[in-house]
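Q: Enclosed is the structure file work-v9.pdb (PDB, C-alpha atoms).
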ATOM      1  CA  MET A 561      45.508  17.380 122.152  1.00  0.00           C
ATOM      2  CA  THR A 562      45.870  16.018 118.626  1.00  0.00           C
ATOM      3  CA  SER A 563      45.527  18.218 115.545  1.00  0.00           C
ATOM      4  CA  SER A 564      42.389  16.349 114.462  1.00  0.00           C
ATOM      5  CA  ILE A 565      40.729  17.063 117.834  1.00  0.00           C
ATOM      6  CA  ALA A 566      41.754  20.728 117.576  1.00  0.00           C
ATOM      7  CA  ALA A 567      40.261  20.852 114.060  1.00  0.00           C
ATOM      8  CA  LEU A 568      36.993  19.341 115.311  1.00  0.00           C
ATOM      9  CA  ILE A 569      36.827  21.912 118.118  1.00  0.00           C
ATOM     10  CA  GLU A 570      37.328  24.674 115.531  1.00  0.00           C
ATOM     11  CA  LYS A 571      34.495  23.225 113.422  1.00  0.00           C
ATOM     12  CA  MET A 572      32.242  23.091 116.487  1.00  0.00           C
ATOM     13  CA  GLN A 573      32.999  26.747 117.260  1.00  0.00           C
ATOM     14  CA  ALA A 574      32.272  27.700 113.638  1.00  0.00           C
ATOM     15  CA  LEU A 575      28.937  25.865 113.801  1.00  0.00           C
ATOM     16  CA  GLU A 576      28.080  27.615 117.086  1.00  0.00           C
ATOM     17  CA  GLY A 577      28.813  30.933 115.341  1.00  0.00           C
ATOM     18  CA  GLU A 578      26.508  29.960 112.465  1.00  0.00           C
ATOM     19  CA  LEU A 579      23.791  28.961 114.937  1.00  0.00           C
ATOM     20  CA  ASP A 580      24.110  32.318 116.723  1.00  0.00           C
ATOM     21  CA  ALA A 581      23.773  34.110 113.369  1.00  0.00           C
ATOM     22  CA  GLU A 582      20.639  32.107 112.474  1.00  0.00           C
ATOM     23  CA  LEU A 583      19.102  32.810 115.884  1.00  0.00           C
ATOM     24  CA  ALA A 584      19.819  36.525 115.402  1.00  0.00           C
ATOM     25  CA  LYS A 585      18.095  36.374 112.003  1.00  0.00           C
ATOM     26  CA  ARG A 586      15.065  34.737 113.606  1.00  0.00           C
ATOM     27  CA  ARG A 587      14.916  37.468 116.271  1.00  0.00           C
ATOM     28  CA  ALA A 588      14.979  40.039 113.470  1.00  0.00           C
ATOM     29  CA  GLU A 589      12.144  38.203 111.685  1.00  0.00           C
ATOM     30  CA  LEU A 590      10.110  38.365 114.892  1.00  0.00           C
ATOM     31  CA  ARG A 591      10.917  42.072 115.066  1.00  0.00           C
ATOM     32  CA  VAL A 592      12.610  41.840 118.436  1.00  0.00           C
ATOM     33  CA  GLY A 593      15.304  44.423 118.998  1.00  0.00           C
ATOM     34  CA  LEU A 594      17.377  46.136 121.633  1.00  0.00           C
ATOM     35  CA  GLU A 595      17.204  49.852 122.337  1.00  0.00           C
ATOM     36  CA  HIS A 596      19.750  51.149 124.838  1.00  0.00           C
ATOM     37  CA  GLY A 597      20.240  47.596 126.105  1.00  0.00           C
ATOM     38  CA  ARG A 598      16.512  47.057 126.643  1.00  0.00           C
ATOM     39  CA  ILE A 599      14.264  44.713 124.680  1.00  0.00           C
ATOM     40  CA  ALA A 600      11.925  46.547 122.330  1.00  0.00           C
ATOM     41  CA  PHE A 601       8.930  45.419 120.254  1.00  0.00           C
ATOM     42  CA  GLU A 602       7.024  47.354 117.629  1.00  0.00           C
ATOM     43  CA  GLU A 603       3.730  48.734 118.989  1.00  0.00           C
ATOM     44  CA  GLU A 604       1.560  46.706 116.578  1.00  0.00           C
ATOM     45  CA  LEU A 605       3.375  43.523 117.601  1.00  0.00           C
ATOM     46  CA  LEU A 606       2.847  44.367 121.274  1.00  0.00           C
ATOM     47  CA  ARG A 607      -0.892  44.783 120.649  1.00  0.00           C
ATOM     48  CA  ARG A 608      -1.045  41.337 119.011  1.00  0.00           C
ATOM     49  CA  HIS A 609       0.937  39.803 121.870  1.00  0.00           C
ATOM     50  CA  ARG A 610      -1.398  41.281 124.482  1.00  0.00           C
ATOM     51  CA  ALA A 611      -4.393  39.900 122.592  1.00  0.00           C
ATOM     52  CA  LEU A 612      -2.860  36.396 122.775  1.00  0.00           C
ATOM     53  CA  ARG A 613      -2.173  36.534 126.534  1.00  0.00           C
ATOM     54  CA  GLN A 614      -4.192  34.004 128.523  1.00  0.00           C
ATOM     55  CA  LYS A 615      -5.954  35.564 131.486  1.00  0.00           C
ATOM     56  CA  LEU A 616      -4.626  34.471 134.877  1.00  0.00           C
ATOM     57  CA  LEU A 617      -7.773  32.860 136.330  1.00  0.00           C
ATOM     58  CA  PRO A 618      -8.590  30.715 133.259  1.00  0.00           C
ATOM     59  CA  TYR A 619      -4.912  29.767 133.169  1.00  0.00           C
ATOM     60  CA  LEU A 620      -5.025  28.642 136.818  1.00  0.00           C
ATOM     61  CA  PHE A 621      -8.360  26.841 136.556  1.00  0.00           C
ATOM     62  CA  GLY A 622      -7.291  25.159 133.328  1.00  0.00           C
ATOM     63  CA  ALA A 623      -4.254  23.584 134.970  1.00  0.00           C
ATOM     64  CA  SER A 624      -4.236  19.893 135.740  1.00  0.00           C
ATOM     65  CA  PRO A 625      -4.723  19.127 139.469  1.00  0.00           C
ATOM     66  CA  LEU A 626      -1.454  17.161 139.410  1.00  0.00           C
ATOM     67  CA  VAL A 627       0.370  20.201 138.019  1.00  0.00           C
ATOM     68  CA  VAL A 628      -1.036  22.313 140.861  1.00  0.00           C
ATOM     69  CA  LEU A 629       0.011  19.671 143.423  1.00  0.00           C
ATOM     70  CA  THR A 630       3.585  19.519 142.099  1.00  0.00           C
ATOM     71  CA  ALA A 631       4.041  23.307 142.006  1.00  0.00           C
ATOM     72  CA  PRO A 632       5.207  23.505 145.656  1.00  0.00           C
ATOM     73  CA  VAL A 633       7.806  20.802 144.929  1.00  0.00           C
ATOM     74  CA  ILE A 634       9.147  22.792 141.996  1.00  0.00           C
ATOM     75  CA  TYR A 635       9.207  26.087 143.874  1.00  0.00           C
ATOM     76  CA  ALA A 636      10.822  24.504 146.946  1.00  0.00           C
ATOM     77  CA  GLY A 637      13.888  24.183 144.731  1.00  0.00           C
ATOM     78  CA  ILE A 638      14.515  27.903 145.184  1.00  0.00           C
ATOM     79  CA  VAL A 639      16.151  27.152 148.550  1.00  0.00           C
ATOM     80  CA  PRO A 640      18.935  24.871 147.217  1.00  0.00           C
ATOM     81  CA  PHE A 641      19.405  27.130 144.166  1.00  0.00           C
ATOM     82  CA  VAL A 642      19.939  30.202 146.369  1.00  0.00           C
ATOM     83  CA  LEU A 643      22.269  28.256 148.673  1.00  0.00           C
ATOM     84  CA  LEU A 644      24.217  26.988 145.655  1.00  0.00           C
ATOM     85  CA  ASP A 645      24.394  30.541 144.285  1.00  0.00           C
ATOM     86  CA  ILE A 646      25.798  31.829 147.589  1.00  0.00           C
ATOM     87  CA  PHE A 647      28.279  28.955 147.919  1.00  0.00           C
ATOM     88  CA  VAL A 648      29.727  29.097 144.397  1.00  0.00           C
ATOM     89  CA  SER A 649      29.954  32.897 144.565  1.00  0.00           C
ATOM     90  CA  ILE A 650      31.975  32.650 147.794  1.00  0.00           C
ATOM     91  CA  PHE A 651      34.021  29.737 146.371  1.00  0.00           C
ATOM     92  CA  GLN A 652      34.946  31.800 143.322  1.00  0.00           C
ATOM     93  CA  ALA A 653      35.702  34.934 145.356  1.00  0.00           C
ATOM     94  CA  VAL A 654      37.998  33.048 147.736  1.00  0.00           C
ATOM     95  CA  CYS A 655      39.661  30.420 145.537  1.00  0.00           C
ATOM     96  CA  PHE A 656      39.971  31.860 142.039  1.00  0.00           C
ATOM     97  CA  PRO A 657      42.326  34.723 142.972  1.00  0.00           C
ATOM     98  CA  ILE A 658      44.579  32.259 144.835  1.00  0.00           C
ATOM     99  CA  TYR A 659      44.716  29.892 141.845  1.00  0.00           C
ATOM    100  CA  GLY A 660      45.087  32.724 139.322  1.00  0.00           C
ATOM    101  CA  ILE A 661      41.793  31.876 137.612  1.00  0.00           C
ATOM    102  CA  ALA A 662      39.888  34.753 136.016  1.00  0.00           C
ATOM    103  CA  LYS A 663      36.565  35.370 137.744  1.00  0.00           C
ATOM    104  CA  ILE A 664      33.338  34.597 135.949  1.00  0.00           C
ATOM    105  CA  LYS A 665      30.722  37.322 135.581  1.00  0.00           C
ATOM    106  CA  ARG A 666      27.605  35.986 137.269  1.00  0.00           C
ATOM    107  CA  ALA A 667      25.447  38.428 135.301  1.00  0.00           C
ATOM    108  CA  ASP A 668      26.494  36.741 132.046  1.00  0.00           C
ATOM    109  CA  TYR A 669      24.696  33.595 133.212  1.00  0.00           C
ATOM    110  CA  LEU A 670      21.622  35.130 134.835  1.00  0.00           C
ATOM    111  CA  VAL A 671      19.554  36.486 131.979  1.00  0.00           C
ATOM    112  CA  PHE A 672      16.049  37.735 132.662  1.00  0.00           C
ATOM    113  CA  GLY A 673      14.097  39.059 129.716  1.00  0.00           C
ATOM    114  CA  ARG A 674      10.986  36.986 129.283  1.00  0.00           C
ATOM    115  CA  HIS A 675       8.976  39.344 131.510  1.00  0.00           C
ATOM    116  CA  HIS A 676       8.938  41.727 128.518  1.00  0.00           C
ATOM    117  CA  LEU A 677       6.776  39.277 126.578  1.00  0.00           C
ATOM    118  CA  ALA A 678       3.257  40.708 126.553  1.00  0.00           C
ATOM    119  CA  TYR A 679       1.711  37.339 125.625  1.00  0.00           C
ATOM    120  CA  LEU A 680       2.651  35.849 129.021  1.00  0.00           C
ATOM    121  CA  ASN A 681       0.455  36.353 132.075  1.00  0.00           C
ATOM    122  CA  GLU A 682       1.956  37.186 135.470  1.00  0.00           C
ATOM    123  CA  LEU A 683       2.237  33.573 136.632  1.00  0.00           C
ATOM    124  CA  GLU A 684       3.904  32.537 133.378  1.00  0.00           C
ATOM    125  CA  LYS A 685       6.365  35.411 133.811  1.00  0.00           C
ATOM    126  CA  LEU A 686       7.099  34.269 137.366  1.00  0.00           C
ATOM    127  CA  ASN A 687       7.655  30.707 136.124  1.00  0.00           C
ATOM    128  CA  CYS A 688      10.001  31.996 133.428  1.00  0.00           C
ATOM    129  CA  ALA A 689      11.957  34.074 135.959  1.00  0.00           C
ATOM    130  CA  TYR A 690      12.331  31.022 138.199  1.00  0.00           C
ATOM    131  CA  CYS A 691      13.549  28.850 135.311  1.00  0.00           C
ATOM    132  CA  SER A 692      15.938  31.583 134.159  1.00  0.00           C
ATOM    133  CA  TYR A 693      17.406  31.816 137.657  1.00  0.00           C
ATOM    134  CA  ALA A 694      17.677  28.060 138.187  1.00  0.00           C
ATOM    135  CA  ASN A 695      19.266  27.349 134.804  1.00  0.00           C
ATOM    136  CA  GLY A 696      21.490  30.428 135.057  1.00  0.00           C
ATOM    137  CA  ILE A 697      22.821  29.339 138.445  1.00  0.00           C
ATOM    138  CA  ILE A 698      23.418  25.806 137.150  1.00  0.00           C
ATOM    139  CA  ALA A 699      25.330  27.203 134.135  1.00  0.00           C
ATOM    140  CA  PHE A 700      27.299  29.589 136.392  1.00  0.00           C
ATOM    141  CA  THR A 701      28.132  26.723 138.755  1.00  0.00           C
ATOM    142  CA  ARG A 702      29.104  24.484 135.868  1.00  0.00           C
ATOM    143  CA  GLU A 703      31.584  27.044 134.537  1.00  0.00           C
ATOM    144  CA  ILE A 704      33.105  27.511 137.995  1.00  0.00           C
ATOM    145  CA  ALA A 705      33.415  23.726 138.355  1.00  0.00           C
ATOM    146  CA  ALA A 706      34.838  23.421 134.812  1.00  0.00           C
ATOM    147  CA  ARG A 707      37.520  26.028 135.472  1.00  0.00           C
ATOM    148  CA  THR A 708      38.334  24.372 138.784  1.00  0.00           C
ATOM    149  CA  GLU A 709      38.627  20.994 137.058  1.00  0.00           C
ATOM    150  CA  GLN A 710      40.834  22.510 134.358  1.00  0.00           C
ATOM    151  CA  TYR A 711      43.132  23.816 137.092  1.00  0.00           C
ATOM    152  CA  TRP A 712      43.302  20.681 139.255  1.00  0.00           C
ATOM    153  CA  CYS A 713      42.663  17.707 136.974  1.00  0.00           C
ATOM    154  CA  PRO A 714      42.404  18.430 133.234  1.00  0.00           C
ATOM    155  CA  ILE A 715      42.319  14.767 132.186  1.00  0.00           C
ATOM    156  CA  LYS A 716      39.571  13.115 130.173  1.00  0.00           C
ATOM    157  CA  HIS A 717      37.883  10.053 131.627  1.00  0.00           C
ATOM    158  CA  ALA A 718      38.604   6.545 130.361  1.00  0.00           C
ATOM    159  CA  ARG A 719      35.044   6.112 129.154  1.00  0.00           C
ATOM    160  CA  ARG A 720      32.673   8.458 127.364  1.00  0.00           C
ATOM    161  CA  VAL A 721      30.962  11.009 129.580  1.00  0.00           C
ATOM    162  CA  ILE A 722      27.542  12.373 128.647  1.00  0.00           C
ATOM    163  CA  GLY A 723      27.066  16.130 128.851  1.00  0.00           C
ATOM    164  CA  THR A 724      30.634  17.301 129.309  1.00  0.00           C
ATOM    165  CA  HIS A 725      31.364  21.005 129.694  1.00  0.00           C
ATOM    166  CA  ALA A 726      32.920  23.083 126.907  1.00  0.00           C
ATOM    167  CA  ARG A 727      36.424  22.891 128.411  1.00  0.00           C
ATOM    168  CA  TYR A 728      36.511  19.093 128.473  1.00  0.00           C
ATOM    169  CA  PRO A 729      37.831  18.629 124.897  1.00  0.00           C
ATOM    170  CA  LEU A 730      40.927  20.653 125.892  1.00  0.00           C
ATOM    171  CA  PHE A 731      41.832  18.164 128.597  1.00  0.00           C
ATOM    172  CA  ASP A 732      44.574  15.601 128.112  1.00  0.00           C
ATOM    173  CA  ASP A 733      43.758  12.057 127.170  1.00  0.00           C
ATOM    174  CA  TYR A 734      43.375   9.441 129.849  1.00  0.00           C
ATOM    175  CA  GLY A 735      46.717   7.662 130.282  1.00  0.00           C
ATOM    176  CA  ASP A 736      48.828  10.273 128.421  1.00  0.00           C
ATOM    177  CA  ALA A 737      51.279  10.945 131.274  1.00  0.00           C
ATOM    178  CA  GLU A 738      53.802  12.840 129.155  1.00  0.00           C
ATOM    179  CA  GLY A 739      51.138  15.026 127.581  1.00  0.00           C
ATOM    180  CA  TYR A 740      49.603  15.792 130.962  1.00  0.00           C
ATOM    181  CA  GLN A 741      52.866  16.904 132.540  1.00  0.00           C
ATOM    182  CA  ALA A 742      53.724  18.991 129.481  1.00  0.00           C
ATOM    183  CA  ARG A 743      50.345  20.714 129.214  1.00  0.00           C
ATOM    184  CA  LEU A 744      49.268  21.198 132.828  1.00  0.00           C
ATOM    185  CA  ALA A 745      51.015  24.564 133.199  1.00  0.00           C
ATOM    186  CA  GLU A 746      49.650  25.689 129.815  1.00  0.00           C
ATOM    187  CA  LEU A 747      46.084  24.749 130.757  1.00  0.00           C
ATOM    188  CA  ARG A 748      46.405  26.556 134.086  1.00  0.00           C
ATOM    189  CA  LYS A 749      47.893  29.618 132.427  1.00  0.00           C
ATOM    190  CA  GLY A 750      44.923  29.743 130.069  1.00  0.00           C
ATOM    191  CA  LEU A 751      42.628  30.229 133.064  1.00  0.00           C
ATOM    192  CA  ALA A 752      44.241  33.548 134.001  1.00  0.00           C
ATOM    193  CA  LYS A 753      42.557  35.309 131.068  1.00  0.00           C
ATOM    194  CA  ASP A 754      38.944  36.355 131.093  1.00  0.00           C
ATOM    195  CA  GLU A 755      37.927  33.919 128.381  1.00  0.00           C
ATOM    196  CA  SER A 756      34.802  34.171 126.322  1.00  0.00           C
ATOM    197  CA  GLU A 757      36.054  31.357 124.113  1.00  0.00           C
ATOM    198  CA  VAL A 758      37.460  28.436 126.037  1.00  0.00           C
ATOM    199  CA  THR A 759      39.904  27.238 123.399  1.00  0.00           C
ATOM    200  CA  LYS A 760      41.819  30.484 122.926  1.00  0.00           C
TER
END
Please render this file's structure as structure tokens.

A:
Amino acid sequence: MTSSIAALIEKMQALEGELDAELAKRRAELRVGLEHGRIAFEEELLRRHRALRQKLLPYLFGASPLVVLTAPVIYAGIVPFVLLDIFVSIFQAVCFPIYGIAKIKRADYLVFGRHHLAYLNELEKLNCAYCSYANGIIAFTREIAARTEQYWCPIKHARRVIGTHARYPLFDDYGDAEGYQARLAELRKGLAKDESEVTK
């Protein structure tokens, strides 16, 4: 990896840190806090949230007929998501110790907290839980696949790839045979640590 690429990665990490700080400020503005690891709202804010909650029956009857018809298609996705969850969990449990790759904490990717929002009705909370699970499992799977790729084939593609994972910039350039052979062991060794930051 060239020094200019490393510098760009550092800038990206700095910007991500700034974004996290701004998001934390916004949460503070909305008076959302954590007490003993649980989400907490001020009582007055909770009262206002409850007043804004749409009742379940008007919510259901106000839905477009096409939205109602597509709901079973959306919820049928739970089957492949659960199967994917089971498969990648077994894959990680079996393969990562053999390859010397640090295991990923599944709970870090499955975050459920929207059910604390008093302005959501029960169906909206269920929808949010489903989306949290689906996106969490996709993110969990992506990190398992990224670490596996870093172990077996940490080489960039010849053409630009849309939506690469966070580890991709660390990979060696396409066609850099000397760099690949020199860095493969280093990239594999980096997987042995429980990394919260992929470039360290």

Q: On this file, the PyMOL selection byres ((chain A and resi 628-638) around 12) gives some set of residues; write that set as a VMD selection string.

A: chain A and resid 619 to 627 639 to 645 683 686 to 687 689 to 695 697

Q: Here is a test: counting only C-alpha atoms, which residue of A:Leu680, A:Ala699, A:Gly673, A:Tyr659 is nearest to A:Ala745?

A: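 Checking each of A:Leu680, A:Ala699, A:Gly673, A:Tyr659 against A:Ala745, counting only C-alpha atoms, the winner is A:Tyr659.
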
Q: Atom CA of A:Pro729 and atom CA of A:Glu576, how far apart in Å?

A: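 One can read the atom CA of A:Glu576 to atom CA of A:Pro729 distance as 15.4 Å.
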
Q: Which is closer to A:Tyr669 than all the others in A:Ala584, A:Ile698, A:Ala752, A:Ala653, using all atoms listed in the file?

A: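 So, comparing all the options, the nearest one is A:Ile698.
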
Q: For the file shown, report as a PyMOL selection string the outcome of the PyMOL selection byres ((chain A and resi 725) around 8) at residue level.

A: chain A and resi 702-703+706+723-724+726-728

Q: So what do you get for atom CA of A:Gly739 versus atom CA of A:Ala718, distance-wise?

A: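 Going from atom CA of A:Gly739 over to atom CA of A:Ala718 covers 15.4 Å.
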
Q: What's the separation between atom CA of A:Leu568 and atom CA of A:Thr701, in Å to one decimal place?

A: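 The value is 26.1 Å.
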
Q: I need the residue set behind the PyMOL selection byres ((chain A and resi 744) around 10) for this file; please write it as a list in words.

A: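 Those residues are Gln710, Tyr711, Trp712, Cys713, Pro714, Ile715, Phe731, Asp732, Gly739, Tyr740, Gln741, Ala742, Arg743, Ala745, Glu746, Leu747, Arg748, Lys749 and Gly750 of chain A.
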
Q: Write a file of the selected residues as a short mmCIF file (atom, residue, chain, number, x, y, z; two decimals), in the coordinates of the input, keeping C-alpha atoms.

A:
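Saved result, result.cif, follows:
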data_model
loop_
_atom_site.label_atom_id
_atom_site.label_comp_id
_atom_site.auth_asym_id
_atom_site.auth_seq_id
_atom_site.Cartn_x
_atom_site.Cartn_y
_atom_site.Cartn_z
CA GLN A 710 40.83 22.51 134.36
CA TYR A 711 43.13 23.82 137.09
CA TRP A 712 43.30 20.68 139.26
CA CYS A 713 42.66 17.71 136.97
CA PRO A 714 42.40 18.43 133.23
CA ILE A 715 42.32 14.77 132.19
CA PHE A 731 41.83 18.16 128.60
CA ASP A 732 44.57 15.60 128.11
CA GLY A 739 51.14 15.03 127.58
CA TYR A 740 49.60 15.79 130.96
CA GLN A 741 52.87 16.90 132.54
CA ALA A 742 53.72 18.99 129.48
CA ARG A 743 50.34 20.71 129.21
CA ALA A 745 51.02 24.56 133.20
CA GLU A 746 49.65 25.69 129.82
CA LEU A 747 46.08 24.75 130.76
CA ARG A 748 46.40 26.56 134.09
CA LYS A 749 47.89 29.62 132.43
CA GLY A 750 44.92 29.74 130.07
#

Q: Taking 6 positions as the minimum chain separation for residues in the same chain, which residues sit within 10 Å of stretch 654-658 of chain A when counting only C-alpha atoms? Answer as a list in words.

A: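 Near neighbours after the sequence-gap exclusion: Val648, Ile664, Ile704, Arg707, Thr708, Tyr711, Leu751 and Ala752 of chain A.
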
Q: Could you complete stretch 658-691 of chain A so that it carries N, CA and C atoms, and give it back as a JSON list (two decimals), in the coordinates of the input?

A:
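As written to disk, selection_8.json reads:
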[["chain", "number", "residue", "atom", "x", "y", "z"],
["A", 658, "ILE", "N", 43.43, 33.04, 144.34],
["A", 658, "ILE", "CA", 44.58, 32.26, 144.84],
["A", 658, "ILE", "C", 45.15, 31.38, 143.73],
["A", 659, "TYR", "N", 44.27, 30.79, 142.92],
["A", 659, "TYR", "CA", 44.72, 29.89, 141.84],
["A", 659, "TYR", "C", 45.09, 30.64, 140.57],
["A", 660, "GLY", "N", 44.80, 31.95, 140.52],
["A", 660, "GLY", "CA", 45.09, 32.72, 139.32],
["A", 660, "GLY", "C", 44.08, 32.48, 138.21],
["A", 661, "ILE", "N", 42.86, 32.11, 138.59],
["A", 661, "ILE", "CA", 41.79, 31.88, 137.61],
["A", 661, "ILE", "C", 40.96, 33.14, 137.48],
["A", 662, "ALA", "N", 40.72, 33.56, 136.24],
["A", 662, "ALA", "CA", 39.89, 34.75, 136.02],
["A", 662, "ALA", "C", 38.48, 34.50, 136.55],
["A", 663, "LYS", "N", 37.92, 35.51, 137.21],
["A", 663, "LYS", "CA", 36.56, 35.37, 137.74],
["A", 663, "LYS", "C", 35.53, 35.38, 136.63],
["A", 664, "ILE", "N", 34.44, 34.70, 136.89],
["A", 664, "ILE", "CA", 33.34, 34.60, 135.95],
["A", 664, "ILE", "C", 32.30, 35.65, 136.32],
["A", 665, "LYS", "N", 31.76, 36.33, 135.32],
["A", 665, "LYS", "CA", 30.72, 37.32, 135.58],
["A", 665, "LYS", "C", 29.39, 36.61, 135.76],
["A", 666, "ARG", "N", 28.88, 36.64, 136.95],
["A", 666, "ARG", "CA", 27.60, 35.99, 137.27],
["A", 666, "ARG", "C", 26.48, 36.51, 136.38],
["A", 667, "ALA", "N", 26.51, 37.81, 136.10],
["A", 667, "ALA", "CA", 25.45, 38.43, 135.30],
["A", 667, "ALA", "C", 25.39, 37.88, 133.88],
["A", 668, "ASP", "N", 26.50, 37.34, 133.38],
["A", 668, "ASP", "CA", 26.49, 36.74, 132.05],
["A", 668, "ASP", "C", 25.65, 35.47, 132.00],
["A", 669, "TYR", "N", 25.43, 34.86, 133.14],
["A", 669, "TYR", "CA", 24.70, 33.60, 133.21],
["A", 669, "TYR", "C", 23.26, 33.77, 133.68],
["A", 670, "LEU", "N", 22.98, 34.87, 134.35],
["A", 670, "LEU", "CA", 21.62, 35.13, 134.84],
["A", 670, "LEU", "C", 20.97, 36.14, 133.91],
["A", 671, "VAL", "N", 20.19, 35.65, 132.99],
["A", 671, "VAL", "CA", 19.55, 36.49, 131.98],
["A", 671, "VAL", "C", 18.04, 36.45, 132.19],
["A", 672, "PHE", "N", 17.49, 37.62, 132.45],
["A", 672, "PHE", "CA", 16.05, 37.74, 132.66],
["A", 672, "PHE", "C", 15.50, 38.69, 131.62],
["A", 673, "GLY", "N", 14.66, 38.19, 130.73],
["A", 673, "GLY", "CA", 14.10, 39.06, 129.72],
["A", 673, "GLY", "C", 12.71, 38.65, 129.28],
["A", 674, "ARG", "N", 12.28, 37.48, 129.74],
["A", 674, "ARG", "CA", 10.99, 36.99, 129.28],
["A", 674, "ARG", "C", 9.82, 37.78, 129.86],
["A", 675, "HIS", "N", 10.06, 38.54, 130.93],
["A", 675, "HIS", "CA", 8.98, 39.34, 131.51],
["A", 675, "HIS", "C", 8.54, 40.47, 130.57],
["A", 676, "HIS", "N", 9.32, 40.72, 129.51],
["A", 676, "HIS", "CA", 8.94, 41.73, 128.52],
["A", 676, "HIS", "C", 7.92, 41.18, 127.52],
["A", 677, "LEU", "N", 7.68, 39.88, 127.55],
["A", 677, "LEU", "CA", 6.78, 39.28, 126.58],
["A", 677, "LEU", "C", 5.33, 39.52, 127.00],
["A", 678, "ALA", "N", 4.63, 40.31, 126.21],
["A", 678, "ALA", "CA", 3.26, 40.71, 126.55],
["A", 678, "ALA", "C", 2.27, 39.55, 126.43],
["A", 679, "TYR", "N", 2.64, 38.46, 125.77],
["A", 679, "TYR", "CA", 1.71, 37.34, 125.62],
["A", 679, "TYR", "C", 1.78, 36.37, 126.81],
["A", 680, "LEU", "N", 2.60, 36.67, 127.80],
["A", 680, "LEU", "CA", 2.65, 35.85, 129.02],
["A", 680, "LEU", "C", 1.88, 36.55, 130.13],
["A", 681, "ASN", "N", 1.11, 35.77, 130.91],
["A", 681, "ASN", "CA", 0.46, 36.35, 132.07],
["A", 681, "ASN", "C", 1.46, 36.41, 133.24],
["A", 682, "GLU", "N", 1.02, 36.96, 134.36],
["A", 682, "GLU", "CA", 1.96, 37.19, 135.47],
["A", 682, "GLU", "C", 2.53, 35.89, 136.03],
["A", 683, "LEU", "N", 1.73, 34.84, 136.11],
["A", 683, "LEU", "CA", 2.24, 33.57, 136.63],
["A", 683, "LEU", "C", 3.24, 32.95, 135.66],
["A", 684, "GLU", "N", 2.96, 33.05, 134.37],
["A", 684, "GLU", "CA", 3.90, 32.54, 133.38],
["A", 684, "GLU", "C", 5.23, 33.30, 133.45],
["A", 685, "LYS", "N", 5.15, 34.61, 133.68],
["A", 685, "LYS", "CA", 6.36, 35.41, 133.81],
["A", 685, "LYS", "C", 7.15, 35.01, 135.05],
["A", 686, "LEU", "N", 6.43, 34.73, 136.15],
["A", 686, "LEU", "CA", 7.10, 34.27, 137.37],
["A", 686, "LEU", "C", 7.78, 32.92, 137.12],
["A", 687, "ASN", "N", 7.07, 32.01, 136.45],
["A", 687, "ASN", "CA", 7.66, 30.71, 136.12],
["A", 687, "ASN", "C", 8.91, 30.87, 135.27],
["A", 688, "CYS", "N", 8.85, 31.76, 134.30],
["A", 688, "CYS", "CA", 10.00, 32.00, 133.43],
["A", 688, "CYS", "C", 11.18, 32.58, 134.21],
["A", 689, "ALA", "N", 10.89, 33.49, 135.14],
["A", 689, "ALA", "CA", 11.96, 34.07, 135.96],
["A", 689, "ALA", "C", 12.62, 33.00, 136.82],
["A", 690, "TYR", "N", 11.80, 32.11, 137.38],
["A", 690, "TYR", "CA", 12.33, 31.02, 138.20],
["A", 690, "TYR", "C", 13.23, 30.11, 137.36],
["A", 691, "CYS", "N", 12.75, 29.72, 136.18],
["A", 691, "CYS", "CA", 13.55, 28.85, 135.31],
["A", 691, "CYS", "C", 14.83, 29.54, 134.86]]
